[in-house]
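S.K.: The structure that follows is given in the form of structure tokens.
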Amino acid sequence: MTPPHGLFIVLEGIDGTGKSTQAKQLAQWFREQGREVIASREPTDGPWGTKIRATAATGRLSPEEELDYFLRDRREHVEQLIAPALAAGKVVILDRYYFSTMAYQGSRGVDPAEIRRLNEAFAPVPDVLFILDLEVETALTRIGGRGDTANEFEKQESLAKCREVFLTLAGEPFVHVIPSDEKPEAVQDRLRQLAAEFL
Ligand SMILES: Nc1ncnc2c1ncn2[C@@H]1O[C@H](COP(=O)(O)OP(=O)(O)O)[C@@H](O)[C@H]1O
Ligand SMILES: Cc1cn([C@H]2C[C@H](O)[C@@H](COP(=O)(O)OP(=O)(O)O)O2)c(=O)[nH]c1=O
């Protein structure tokens with residue numbers, strides 16, 4: 001599906017790459033340019049997103065169940081927020097979307113191409129996808145896990161797989177891979193430069 005109006009921007013990348021920091025600043029910049037902005041994230045704060053977040057404490061779902069929950073969460077997000085905002089000509093900025101499902105549920109063994117197909121049957125493809133890219137070790141240092149316990153080592157391995165899936169998207173016309181090891185201001189400048197083409 002393609003979005004009817006508006007401008008649809010998605011930020012992706014492994015944990016700790018600076019997505020939420022950059023999304024906030026980008027939303028502020030668009031508002032300064034006089035655009036109406038809807039900034040949101042996935043998993044959402046809706047019923048399915050809340051269930052997904054709760055599994056961080058209660059124990060992880062099977063890969064298939066997890067995929068199903070993310071799809072349900074996204075379907076609601078598209079119907080209730082994303083599609084109406086785009087139809088009204090707004091700028092929609094998302095911190096994570098279905099490319100995270102390709103990467104994270106892909107890293108648990110589900111085929112990323114199949115995940116993409118399931119999503120694109122109902123979820124609009126963004127106008128711009130920024131993939132914030134960083135070495136796993138640097139990203140983990142930023143969020144406080146240095147990979148020196150068994151659990152953190154496992155996390156490091158699975159994030160490396162996620163990063164690989166994100167990077168398979170490089171080269172598609174709407175995708176920009178943004179090296180995110182620079183200062184936040186420098187990363188933001190790059191995003192604004194690219195986003196300005198859509199004003
Ligand atoms: N360019 C950067 N350089 C150094 N630290 C950063 C940078 N961008 C964000 N951070 C810090 O790294 C941590 C993770 O950033 P955050 O925006 O929450 O990432 P994400 O949403 O991708 O998980 C935060 O403590 C944030 O202040
Ligand atoms: C959107 C999405 C997120 N995720 C994962 C990535 C993150 O590890 C986790 C929560 O996302 P997020 O809220 O970005 O994490 P945090 O608040 O800790 O920065 O959900 C998936 O596994 N599949 C998906 O489709």
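So you can find residues: chains in the structure tokens are A, B, ... in the order shown, residues in each start at 1, and ligands are numbered from 1 in order.
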Counting only C-alpha atoms and all ligand atoms, name the residues that have an atom within 8 Å of an atom of ligand 1; the answer should be given as a ChimeraX atom specification.
M.R.: /A:12-22,95,132,139,142-143,180-187
S.K.: Using N, CA and C atoms, can you export the residues from the last selection as a PDB file, in the first residue's frame?
M.R.:
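Result file follows (out.pdb):
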```pdb
ATOM      1  N   GLU A  12      14.364   3.651  12.031  1.00  0.00           N
ATOM      2  CA  GLU A  12      14.631   2.283  12.470  1.00  0.00           C
ATOM      3  C   GLU A  12      16.084   2.147  12.878  1.00  0.00           C
ATOM      4  N   GLY A  13      16.388   1.005  13.444  1.00  0.00           N
ATOM      5  CA  GLY A  13      17.748   0.715  13.880  1.00  0.00           C
ATOM      6  C   GLY A  13      17.676  -0.100  15.154  1.00  0.00           C
ATOM      7  N   ILE A  14      18.792  -0.737  15.505  1.00  0.00           N
ATOM      8  CA  ILE A  14      18.801  -1.533  16.736  1.00  0.00           C
ATOM      9  C   ILE A  14      18.671  -0.614  17.953  1.00  0.00           C
ATOM     10  N   ASP A  15      18.423  -1.191  19.110  1.00  0.00           N
ATOM     11  CA  ASP A  15      18.273  -0.448  20.366  1.00  0.00           C
ATOM     12  C   ASP A  15      19.517   0.421  20.596  1.00  0.00           C
ATOM     13  N   GLY A  16      19.315   1.651  21.034  1.00  0.00           N
ATOM     14  CA  GLY A  16      20.438   2.503  21.411  1.00  0.00           C
ATOM     15  C   GLY A  16      21.070   3.295  20.278  1.00  0.00           C
ATOM     16  N   THR A  17      20.466   3.248  19.076  1.00  0.00           N
ATOM     17  CA  THR A  17      21.056   3.977  17.947  1.00  0.00           C
ATOM     18  C   THR A  17      20.657   5.449  17.933  1.00  0.00           C
ATOM     19  N   GLY A  18      19.690   5.829  18.787  1.00  0.00           N
ATOM     20  CA  GLY A  18      19.287   7.236  18.873  1.00  0.00           C
ATOM     21  C   GLY A  18      17.958   7.553  18.212  1.00  0.00           C
ATOM     22  N   LYS A  19      17.144   6.525  17.955  1.00  0.00           N
ATOM     23  CA  LYS A  19      15.875   6.750  17.254  1.00  0.00           C
ATOM     24  C   LYS A  19      14.968   7.726  17.977  1.00  0.00           C
ATOM     25  N   SER A  20      14.746   7.503  19.282  1.00  0.00           N
ATOM     26  CA  SER A  20      13.770   8.361  19.977  1.00  0.00           C
ATOM     27  C   SER A  20      14.316   9.783  20.113  1.00  0.00           C
ATOM     28  N   THR A  21      15.614   9.920  20.342  1.00  0.00           N
ATOM     29  CA  THR A  21      16.246  11.249  20.408  1.00  0.00           C
ATOM     30  C   THR A  21      16.037  11.991  19.085  1.00  0.00           C
ATOM     31  N   GLN A  22      16.326  11.316  17.980  1.00  0.00           N
ATOM     32  CA  GLN A  22      16.251  11.955  16.662  1.00  0.00           C
ATOM     33  C   GLN A  22      14.798  12.203  16.247  1.00  0.00           C
ATOM     34  N   ASP A  95       8.842   5.991  15.437  1.00  0.00           N
ATOM     35  CA  ASP A  95       9.995   5.362  16.050  1.00  0.00           C
ATOM     36  C   ASP A  95       9.686   3.862  16.023  1.00  0.00           C
ATOM     37  N   LEU A 132      19.094   4.150  11.338  1.00  0.00           N
ATOM     38  CA  LEU A 132      20.217   4.647  12.136  1.00  0.00           C
ATOM     39  C   LEU A 132      21.131   3.457  12.398  1.00  0.00           C
ATOM     40  N   ALA A 139      26.183   0.637  20.514  1.00  0.00           N
ATOM     41  CA  ALA A 139      24.765   0.783  20.855  1.00  0.00           C
ATOM     42  C   ALA A 139      24.516   0.247  22.266  1.00  0.00           C
ATOM     43  N   ARG A 142      25.761   2.517  24.966  1.00  0.00           N
ATOM     44  CA  ARG A 142      24.849   3.650  25.181  1.00  0.00           C
ATOM     45  C   ARG A 142      23.680   3.285  26.079  1.00  0.00           C
ATOM     46  N   ILE A 143      23.173   2.056  25.913  1.00  0.00           N
ATOM     47  CA  ILE A 143      21.996   1.693  26.727  1.00  0.00           C
ATOM     48  C   ILE A 143      22.372   0.900  27.970  1.00  0.00           C
ATOM     49  N   SER A 180      25.360   6.542  12.800  1.00  0.00           N
ATOM     50  CA  SER A 180      24.877   7.241  13.992  1.00  0.00           C
ATOM     51  C   SER A 180      25.908   7.298  15.110  1.00  0.00           C
ATOM     52  N   ASP A 181      27.190   7.226  14.712  1.00  0.00           N
ATOM     53  CA  ASP A 181      28.253   7.310  15.714  1.00  0.00           C
ATOM     54  C   ASP A 181      28.748   8.741  15.877  1.00  0.00           C
ATOM     55  N   GLU A 182      28.064   9.678  15.216  1.00  0.00           N
ATOM     56  CA  GLU A 182      28.442  11.086  15.391  1.00  0.00           C
ATOM     57  C   GLU A 182      27.609  11.706  16.507  1.00  0.00           C
ATOM     58  N   LYS A 183      27.878  12.999  16.772  1.00  0.00           N
ATOM     59  CA  LYS A 183      27.097  13.716  17.790  1.00  0.00           C
ATOM     60  C   LYS A 183      25.632  13.788  17.352  1.00  0.00           C
ATOM     61  N   PRO A 184      24.696  13.807  18.326  1.00  0.00           N
ATOM     62  CA  PRO A 184      23.272  13.863  17.965  1.00  0.00           C
ATOM     63  C   PRO A 184      22.948  15.013  17.009  1.00  0.00           C
ATOM     64  N   GLU A 185      23.590  16.165  17.189  1.00  0.00           N
ATOM     65  CA  GLU A 185      23.305  17.334  16.338  1.00  0.00           C
ATOM     66  C   GLU A 185      23.688  17.046  14.881  1.00  0.00           C
ATOM     67  N   ALA A 186      24.811  16.338  14.701  1.00  0.00           N
ATOM     68  CA  ALA A 186      25.280  16.034  13.344  1.00  0.00           C
ATOM     69  C   ALA A 186      24.331  15.053  12.660  1.00  0.00           C
ATOM     70  N   VAL A 187      23.854  14.071  13.429  1.00  0.00           N
ATOM     71  CA  VAL A 187      22.904  13.100  12.874  1.00  0.00           C
ATOM     72  C   VAL A 187      21.615  13.836  12.493  1.00  0.00           C
TER      73      VAL A 187
END
```
S.K.: Write out as number ranges by chain the residues lying within 12 Å of Pro124 (chain A), counting only C-alpha atoms and excluding same-chain residues fewer than 4 positions away.
M.R.: A: 1-10, 74-75, 77-79, 82-84, 86-87, 92, 97-98, 116-120, 128
S.K.: One number please: CA of Leu81 (chain A) to CA of Gly49 (chain A), in Å, one decimal.
M.R.: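 Separation of CA of Leu81 (chain A) and CA of Gly49 (chain A): 14.1 Å.
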S.K.: Can you measure CA of Ser40 (chain A) to CA of Ala88 (chain A) for me? One decimal in Å is fine.
M.R.: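 Going from CA of Ser40 (chain A) over to CA of Ala88 (chain A), I get 16.1 Å.
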S.K.: For the interface of chain A with ligand 2 (cut-off 6 Å, counting only C-alpha atoms and all ligand atoms), please tabulate each contacting residue of chain A alongside its nearest pair of atoms and their separation in Å to one decimal, rows sorted by chain and increasing number, as a Markdown table.
M.R.:
```
| residue | atom | partner | partner_atom_place_in_ligand_line | distance |
| --- | --- | --- | --- | --- |
| A:Asp15 | CA | ligand 2 | 19 (O) | 5.7 |
| A:Glu42 | CA | ligand 2 | 1 (C) | 4.4 |
| A:Pro43 | CA | ligand 2 | 1 (C) | 4.9 |
| A:Phe70 | CA | ligand 2 | 25 (O) | 5.4 |
| A:Arg96 | CA | ligand 2 | 1 (C) | 5.1 |
| A:Tyr97 | CA | ligand 2 | 1 (C) | 5.0 |
| A:Tyr98 | CA | ligand 2 | 25 (O) | 5.3 |
| A:Ser100 | CA | ligand 2 | 24 (C) | 4.5 |
| A:Thr101 | CA | ligand 2 | 25 (O) | 3.4 |
| A:Tyr104 | CA | ligand 2 | 22 (O) | 4.4 |
| A:Gln105 | CA | ligand 2 | 22 (O) | 5.7 |
```
S.K.: Between A:Ile131, A:Ala57, A:Ala196, A:Ile38, which is the closest to Ile178 (chain A) once you count only C-alpha atoms?
M.R.: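 Of all the options, A:Ile131 lies closest to Ile178 (chain A).
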S.K.: Could you work out how far CA of Leu67 (chain A) lies from CA of Ile115 (chain A), giving the answer in Å with one decimal?
M.R.: 8.3 Å
S.K.: Which one of A:Ala85, A:Val136, A:Ile52, A:Leu167 sits closest to Asp73 (chain A) if you count only C-alpha atoms?
M.R.: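 Among the listed residues, the smallest separation from Asp73 (chain A) belongs to A:Ile52.
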S.K.: Quick one: residues within 12 Å of Glu65 (chain A), only C-alpha atoms counted, chain neighbours fewer than 4 positions away excluded, as a list of chain:residue names?
M.R.: A:Trp48, A:Lys51, A:Ile52, A:Thr55, A:Arg60, A:Leu61, A:Tyr69, A:Phe70, A:Leu71, A:Arg72, A:Gln105, A:Arg108, A:Val110
S.K.: For Ala113 (chain A), which residue out of A:Arg192, A:Asp127, A:Val165, A:Pro63 is the nearest one, using only C-alpha atoms?
M.R.: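 Checking each of A:Arg192, A:Asp127, A:Val165, A:Pro63 against Ala113 (chain A), counting only C-alpha atoms, the winner is A:Val165.
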S.K.: I'd like to know which residues of region 132-173 of chain A are alpha helix (DSSP H) (by DSSP, run on the backbone); could you write them as a list in words?
M.R.: Val136, Glu137, Thr138, Ala139, Leu140, Thr141, Arg142, Ile143, Ala150, Asn151, Glu152, Phe153, Glu154, Lys155, Gln156, Glu157, Ser158, Leu159, Ala160, Lys161, Cys162, Arg163, Glu164, Val165, Phe166 and Leu167 of chain A
S.K.: Limited to C-alpha atoms, could you put the picked residues into a file as a short mmCIF file (atom, residue, chain, number, x, y, z; two decimals), in the first residue's frame?
M.R.:
```cif
data_model
loop_
_atom_site.label_atom_id
_atom_site.label_comp_id
_atom_site.auth_asym_id
_atom_site.auth_seq_id
_atom_site.Cartn_x
_atom_site.Cartn_y
_atom_site.Cartn_z
CA VAL A 136 26.30 -3.29 18.25
CA GLU A 137 28.92 -2.72 20.96
CA THR A 138 28.56 1.05 20.79
CA ALA A 139 24.76 0.78 20.85
CA LEU A 140 24.90 -1.51 23.90
CA THR A 141 27.31 0.80 25.70
CA ARG A 142 24.85 3.65 25.18
CA ILE A 143 22.00 1.69 26.73
CA ALA A 150 25.64 -14.54 29.30
CA ASN A 151 22.37 -12.69 28.81
CA GLU A 152 24.08 -9.63 27.41
CA PHE A 153 26.21 -11.77 25.11
CA GLU A 154 23.04 -13.34 23.75
CA LYS A 155 21.59 -9.87 23.27
CA GLN A 156 24.71 -8.78 21.42
CA GLU A 157 24.40 -11.75 19.03
CA SER A 158 20.74 -11.21 18.32
CA LEU A 159 21.22 -7.46 17.78
CA ALA A 160 23.98 -8.24 15.29
CA LYS A 161 21.44 -10.33 13.34
CA CYS A 162 18.88 -7.51 13.52
CA ARG A 163 21.43 -5.00 12.24
CA GLU A 164 22.17 -7.31 9.31
CA VAL A 165 18.48 -7.49 8.35
CA PHE A 166 18.14 -3.69 8.55
CA LEU A 167 21.15 -3.30 6.26
#
```
S.K.: Can you list, as a list in words, every residue of region 95-181 of chain A that DSSP puts in strand (DSSP E or B)?
M.R.: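 Those residues are Asp95, Val128, Leu129, Phe130, Ile131, Leu132, Asp133, Val175, His176, Val177, Ile178 and Pro179 of chain A.
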S.K.: With N, CA and C atoms kept, could you save the residues just selected as a compact mmCIF listing (two decimals), in the first residue's frame?
M.R.:
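So the final result, stored in again09.txt, reads:
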```txt
# COMPACT_ATOMS: atom_id res chain seq x y z
N ASP A 95 8.84 5.99 15.44
CA ASP A 95 9.99 5.36 16.05
C ASP A 95 9.69 3.86 16.02
N VAL A 128 9.90 7.83 3.47
CA VAL A 128 11.32 7.83 3.82
C VAL A 128 11.57 6.88 4.99
N LEU A 129 12.58 6.05 4.86
CA LEU A 129 13.00 5.20 5.98
C LEU A 129 14.45 5.55 6.33
N PHE A 130 14.64 6.05 7.54
CA PHE A 130 15.99 6.31 8.02
C PHE A 130 16.41 5.12 8.88
N ILE A 131 17.48 4.46 8.48
CA ILE A 131 18.03 3.39 9.31
C ILE A 131 19.24 3.94 10.04
N LEU A 132 19.09 4.15 11.34
CA LEU A 132 20.22 4.65 12.14
C LEU A 132 21.13 3.46 12.40
N ASP A 133 22.37 3.58 11.95
CA ASP A 133 23.27 2.43 11.98
C ASP A 133 24.48 2.66 12.87
N VAL A 175 15.10 4.36 1.14
CA VAL A 175 15.87 4.02 2.34
C VAL A 175 17.19 4.80 2.42
N HIS A 176 17.44 5.38 3.60
CA HIS A 176 18.72 6.06 3.84
C HIS A 176 19.36 5.45 5.08
N VAL A 177 20.55 4.93 4.92
CA VAL A 177 21.30 4.42 6.08
C VAL A 177 22.12 5.58 6.63
N ILE A 178 21.89 5.88 7.91
CA ILE A 178 22.53 7.04 8.54
C ILE A 178 23.53 6.57 9.60
N PRO A 179 24.82 6.77 9.37
CA PRO A 179 25.78 6.39 10.41
C PRO A 179 25.50 7.22 11.66
```
S.K.: Extract, using only C-alpha atoms, all DNA, RNA and protein residues at most 10 Å from Ala27 (chain A), discarding same-chain residues fewer than 4 positions from it, and format them as an mmCIF file with C-alpha atoms, in the first residue's frame.
M.R.:
```cif
data_model
loop_
_atom_site.group_PDB
_atom_site.id
_atom_site.type_symbol
_atom_site.label_atom_id
_atom_site.label_comp_id
_atom_site.auth_asym_id
_atom_site.auth_seq_id
_atom_site.Cartn_x
_atom_site.Cartn_y
_atom_site.Cartn_z
ATOM 1 C CA GLN A 22 16.251 11.955 16.662
ATOM 2 C CA ALA A 23 12.494 11.423 16.168
ATOM 3 C CA ARG A 31 6.489 21.890 13.469
ATOM 4 C CA GLU A 32 8.812 24.883 13.125
ATOM 5 C CA GLN A 33 8.315 24.572 9.354
ATOM 6 C CA ARG A 35 3.628 21.300 9.418
ATOM 7 C CA GLU A 36 1.234 19.383 11.612
ATOM 8 C CA VAL A 37 3.076 16.370 13.019
ATOM 9 C CA ILE A 38 1.970 13.083 14.544
ATOM 10 C CA ALA A 39 4.866 11.380 16.311
ATOM 11 C CA VAL A 91 3.606 14.489 8.759
ATOM 12 C CA VAL A 92 3.772 11.121 10.513
ATOM 13 C CA ILE A 93 7.040 10.216 12.242
ATOM 14 C CA LEU A 94 7.393 6.717 13.663
#
```
S.K.: Which residue, A:Gly59, A:Gly144, A:Gly106, A:Pro173, has the smallest gap to Pro126 (chain A) when you use only C-alpha atoms?
M.R.: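 With only C-alpha atoms as the atom set, the closest residue is A:Pro173.
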